[in-house]
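For reference, the structure discussed in these notes is given below.
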Amino acid sequence: MNGSPSRVAIVGASVASAMLIERSLELGFSGEFVVIDSDPNAPYDRPPLSKQFLLGTGPVERADWWPESVTIINAKAIGLVTAQRTVLLDRLGEIQADAVVIATGAGSIRLPNEPAGVLSLRTAEDALAIRAAVDAGAKSAVIIGAGTIGSELASTLAQRGLRVTVVDLAQKPMQRFFSGHLGEEATAWMHQAGVVTHLGVAVESISRNAENWTVRVSGEDLQADLVISAVGARPNTEWLSYSGLDIANGIRCNAHGKAFLANGDVAEEIYAIGDVSSRQAEDGSFSRFESWTQAQRHGAALAEYFAGFESTELEQAPYGWTEQFGRMIQVHGTLPPQGELVQVYAADDRNAALYRVGPSDEDPAWIGVNAPRHFSRASMGLSLLS
Ligand SMILES: Cc1cc2nc3c(=O)[nH]c(=O)nc-3n(C[C@H](O)[C@H](O)[C@H](O)COP(=O)(O)OP(=O)(O)OC[C@H]3O[C@@H](n4cnc5c(N)ncnc54)[C@H](O)[C@@H]3O)c2cc1C
């Protein structure tokens with residue numbers, strides 16, 4: 001046994017912590033979980049917020065994967081007394097435990113000097129605000145950022161009939177998600193849906209008059225009823241500023257999720273999982289990966305560590321997905337930016353394709369577009385279907 005803690009405080013009620021609890025209960029954990037979240041709507045699933053939710057009319061659904069036996073305290077964590085494993089709350093005092101798990105995810109990055117009224121998307125409340133603006137009659141939107149969330153928003157708002165313009169400093173949509181691959185294809189998906197792109201340009205200013213918004217890029221004024229900022233997310237670690245933890249870019253932690261202090265020592269019984277964590281690889285480097293599946297794996301792996309055995313959850317290759325412009329896009333593995341991209345399957349009638357990235361004899365990475373069966377065989381190392 002690693003010495004399973006009997007009282008565990010978890011900050012953040014979302015997929016990473018849900019999986020930690022569920023897997024712990026499956027493994028016979030008999031202690032107590034105390035879960036804190038500042039969002040009154042938590043727990044809910046974020047991926048639908050940029051997709052089905054904006055097309056629908058219903059409320060934000062409570063996540064069906066949350067273990068109902070565990071209640072959530074609605075409070076904001078404002079500090080951590082690391083040595084005493086005590087979480088300080090904005091109300092209701094403090095919570096002391098044998099172990100503290102930090103699962104606070106990430107929050108939207110806002111542009112410098114962004115005027116009030118520019119929307120963004122990370123929470124249920126953000127999604128409700130975007131949907132309310134569209135329901136109130138917005139006819140056009142400028143989306144700043146062509147990453148996965150900006151692209152998904154462009155797809156959904158175009159589907160709702162808005163004139164959508166996407167602006168990004170990067171030359172290609174989803175440059176990070178695809179590691180620079182498939183830029184022409186992703187741009188074409190936008191254009192086919194009527195989305196106008198301004199790529200490789202910086203936003204010079206954002207202003208608003210009584211009528212509408214103006215976003216100035218490269219001397220051109222783009223006018224719209226809505227401006228949505230989708231320029232990325234940063235780990236929610238501000239509340240840990242005085243904790244002594246290493247929070248350079250997310251909470252640095254080892255392969256089990258044990259958090260490091262800024263002096264390089266491991267903090268006793270403090271763990272980080274999900275989007276907020278920055279994991280150490282075998283070569284000593286740290287990386288932070290925002291992905292629903294990866295967050296779940298972190299939770300499961302920590303439950304297994306608490307139960308006393310070496311988890312294999314994190315040995316799996318990274319997996320990410322996005323849905324946009326009528327396409328289900330899946331990525332398996334780490335896409336090498338310089339790796340050769342080879343299309344190994346295509347079905348034009350379904351806009352489907354499977355791409356291998358990197359040499360075929362060295363455990364390649366894969367990108368699937370509307371090709372789930374081919375993608376899953378390829379990522380399992382099986383021969384491809386014809
Ligand atoms: C619009 C949108 C679409 C997405 N689509 C996809 C997709 O298609 N595919 C995919 O793989 N991933 C997608 N993601 C990313 C995915 O949702 C995240 O990777 C995942 O939710 C991370 O889970 P988590 O448990 O680490 O943290 P989060 O889901 O970020 O939850 C963190 C929780 O911590 C709480 N919290 C934060 N700070 C405090 C504090 N100080 N005190 C108390 N509580 C606090 C927050 O309120 C929140 O409930 C999407 C994300 C968004 C926003």
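Ordering of the structure tokens sets the chain letters (A, B, ...), residue numbers begin anew at 1 in every chain, and ligands are numbered from 1 in the order given.
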
#### Entry: Shell of 12 Å around A:Phe177, only C-alpha atoms, local chain residues under 3 positions omitted, as a ChimeraX atom specification
/A:146-149,151,172-174,180-183,186,232,289-291,318-322,329-337,367

### Task
Enumerate residues in contact with ligand 1: an atom-to-atom distance of at most 6 Å, counting only C-alpha atoms and all ligand atoms. Format the result as JSON, numbers by chain.
{"A": [11, 12, 13, 14, 15, 16, 17, 36, 37, 38, 39, 42, 46, 47, 49, 50, 75, 76, 77, 78, 103, 104, 105, 106, 121, 122, 149, 236, 239, 274, 275, 276, 290, 291, 292, 293, 295, 320, 321, 322]}

### Task
Would you mind listing what lies within 10 Å of stretch 300-314 of chain A as a PyMOL selection string, with only C-alpha atoms counted and same-chain residues fewer than 5 positions away left out?
chain A and resi 1-5+16-29+101+255-258+271-273+294-295

### Query
Of the candidates A:Val166, A:Leu261, A:Met380, A:Val8, which shows the shortest atom-to-atom distance to A:Val215, using only C-alpha atoms?
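Using only C-alpha atoms, A:Val215 sits closest to A:Val166.
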
### Task
Within stretch 5-107 of chain A, find each residue whose DSSP state, derived from the backbone, is strand (DSSP E or B), and express the selection as a PyMOL selection string.
chain A and resi 7-11+32-37+72-74+77-81+86-89+94-96+99-102+106-107

Selected residues written out with C-alpha atoms, as a PDB file, in the first residue's frame:
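File result29.pdb, as written:
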ATOM      1  CA  ARG A   7      -9.835  12.038   4.439  1.00  0.00           C
ATOM      2  CA  VAL A   8      -9.149  13.569   1.043  1.00  0.00           C
ATOM      3  CA  ALA A   9      -9.990  17.190   0.199  1.00  0.00           C
ATOM      4  CA  ILE A  10     -10.473  17.767  -3.530  1.00  0.00           C
ATOM      5  CA  VAL A  11     -10.633  21.258  -5.004  1.00  0.00           C
ATOM      6  CA  GLU A  32     -14.049  10.367   3.068  1.00  0.00           C
ATOM      7  CA  PHE A  33     -13.907  12.742   0.097  1.00  0.00           C
ATOM      8  CA  VAL A  34     -14.585  16.426   0.743  1.00  0.00           C
ATOM      9  CA  VAL A  35     -15.102  18.217  -2.571  1.00  0.00           C
ATOM     10  CA  ILE A  36     -15.104  21.986  -3.050  1.00  0.00           C
ATOM     11  CA  ASP A  37     -16.058  23.919  -6.182  1.00  0.00           C
ATOM     12  CA  ILE A  72     -20.028  19.311  -3.320  1.00  0.00           C
ATOM     13  CA  ILE A  73     -19.357  22.292  -1.080  1.00  0.00           C
ATOM     14  CA  ASN A  74     -19.944  25.481  -3.058  1.00  0.00           C
ATOM     15  CA  ALA A  77     -10.477  27.946  -2.460  1.00  0.00           C
ATOM     16  CA  ILE A  78      -8.362  31.030  -1.782  1.00  0.00           C
ATOM     17  CA  GLY A  79      -5.253  29.512  -0.283  1.00  0.00           C
ATOM     18  CA  LEU A  80      -3.433  26.355   0.737  1.00  0.00           C
ATOM     19  CA  VAL A  81      -1.379  25.826   3.894  1.00  0.00           C
ATOM     20  CA  THR A  86      -5.389  22.810   4.805  1.00  0.00           C
ATOM     21  CA  VAL A  87      -7.488  24.488   2.127  1.00  0.00           C
ATOM     22  CA  LEU A  88      -8.625  28.027   2.963  1.00  0.00           C
ATOM     23  CA  LEU A  89     -12.070  28.959   1.637  1.00  0.00           C
ATOM     24  CA  GLU A  94     -11.112  25.952   6.046  1.00  0.00           C
ATOM     25  CA  ILE A  95     -10.798  22.241   5.372  1.00  0.00           C
ATOM     26  CA  GLN A  96      -8.010  20.103   6.768  1.00  0.00           C
ATOM     27  CA  ALA A  99      -4.344  14.578   1.441  1.00  0.00           C
ATOM     28  CA  VAL A 100      -5.301  17.475  -0.812  1.00  0.00           C
ATOM     29  CA  VAL A 101      -5.993  16.928  -4.509  1.00  0.00           C
ATOM     30  CA  ILE A 102      -5.966  20.007  -6.718  1.00  0.00           C
ATOM     31  CA  ALA A 106      -7.993  26.085 -16.400  1.00  0.00           C
ATOM     32  CA  GLY A 107      -9.648  29.434 -17.094  1.00  0.00           C
TER      33      GLY A 107
END

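Counting only C-alpha atoms, the residue from A:Leu153, A:Asn254, A:Ala170, A:Phe260 that sits nearest to A:Asp283 is A:Asn254.
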
### Query
Where does DSSP see helix (DSSP H, G or I) in stretch 12-95 of chain A, if you list the residues as JSON, numbers by chain?
{"A": [15, 16, 17, 18, 19, 20, 21, 22, 23, 24, 25, 26, 47, 48, 49, 50, 52, 53, 54, 55, 82, 83, 84]}

### Task
Record the distance separating atom CA of A:Ile109 and atom CA of A:Gln296, expressed in Å with one decimal.
23.2 Å

### Task
Considering only C-alpha atoms, return as number ranges by chain whatever protein or nucleic-acid residues lie within 12 Å of A:Val201, sequence-local ones (same chain, fewer than 3 positions apart) excluded.
A: 144-146, 166-172, 197-198, 204, 215-220

### Task
Kindly indicate which residue among A:Ser108, A:Thr82, A:Thr57, A:Thr187 lies nearest to A:Ser241, using only C-alpha atoms for the distances.
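Under the stated criterion, the closest residue is A:Thr82.
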
### Summary
Correct to one decimal, the distance atom CA of A:Gln84-atom CA of A:Ile251 is 18.2 Å

Can you pull out the residues contacting A:Ile228? Cut-off 7 Å, using only C-alpha atoms, and skip same-chain residues under 3 positions away; I want them as an mmCIF file with N, CA and C atoms, in the first residue's frame.
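Wrote it out as selection-v1.cif, contents follow:
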data_model
loop_
_atom_site.group_PDB
_atom_site.id
_atom_site.type_symbol
_atom_site.label_atom_id
_atom_site.label_comp_id
_atom_site.auth_asym_id
_atom_site.auth_seq_id
_atom_site.Cartn_x
_atom_site.Cartn_y
_atom_site.Cartn_z
ATOM 1 N N VAL A 118 -16.800 41.777 -24.112
ATOM 2 C CA VAL A 118 -16.249 40.723 -24.973
ATOM 3 C C VAL A 118 -16.515 39.397 -24.258
ATOM 4 N N LEU A 119 -17.056 38.430 -25.004
ATOM 5 C CA LEU A 119 -17.419 37.155 -24.385
ATOM 6 C C LEU A 119 -16.256 36.173 -24.473
ATOM 7 N N SER A 120 -16.324 35.094 -23.683
ATOM 8 C CA SER A 120 -15.341 34.012 -23.798
ATOM 9 C C SER A 120 -16.069 32.729 -23.403
ATOM 10 N N VAL A 142 -17.328 38.075 -34.437
ATOM 11 C CA VAL A 142 -15.894 37.928 -34.676
ATOM 12 C C VAL A 142 -15.363 37.062 -33.543
ATOM 13 N N ILE A 143 -14.681 35.985 -33.911
ATOM 14 C CA ILE A 143 -14.073 35.104 -32.913
ATOM 15 C C ILE A 143 -12.570 35.318 -32.977
ATOM 16 N N ILE A 144 -11.987 35.675 -31.855
ATOM 17 C CA ILE A 144 -10.535 35.897 -31.817
ATOM 18 C C ILE A 144 -9.898 34.615 -31.303
#

### Query
Of the residues A:Pro43, A:Pro48, A:Gly137, A:Gly284, which is the one nearest to A:Asp64, using only C-alpha atoms?
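Looking only at the distances to A:Asp64, the closest residue turns out to be A:Pro43.
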
### Message
Counting only C-alpha atoms, which residue out of A:Asn249, A:Gly117, A:Ser278, A:Ser229 sits closest to A:Asn212?
### Response
A:Gly117

### Query
Could you work out how far atom CA of A:Val195 lies from atom CA of A:Thr165, giving the answer in Å with one decimal?
5.7 Å
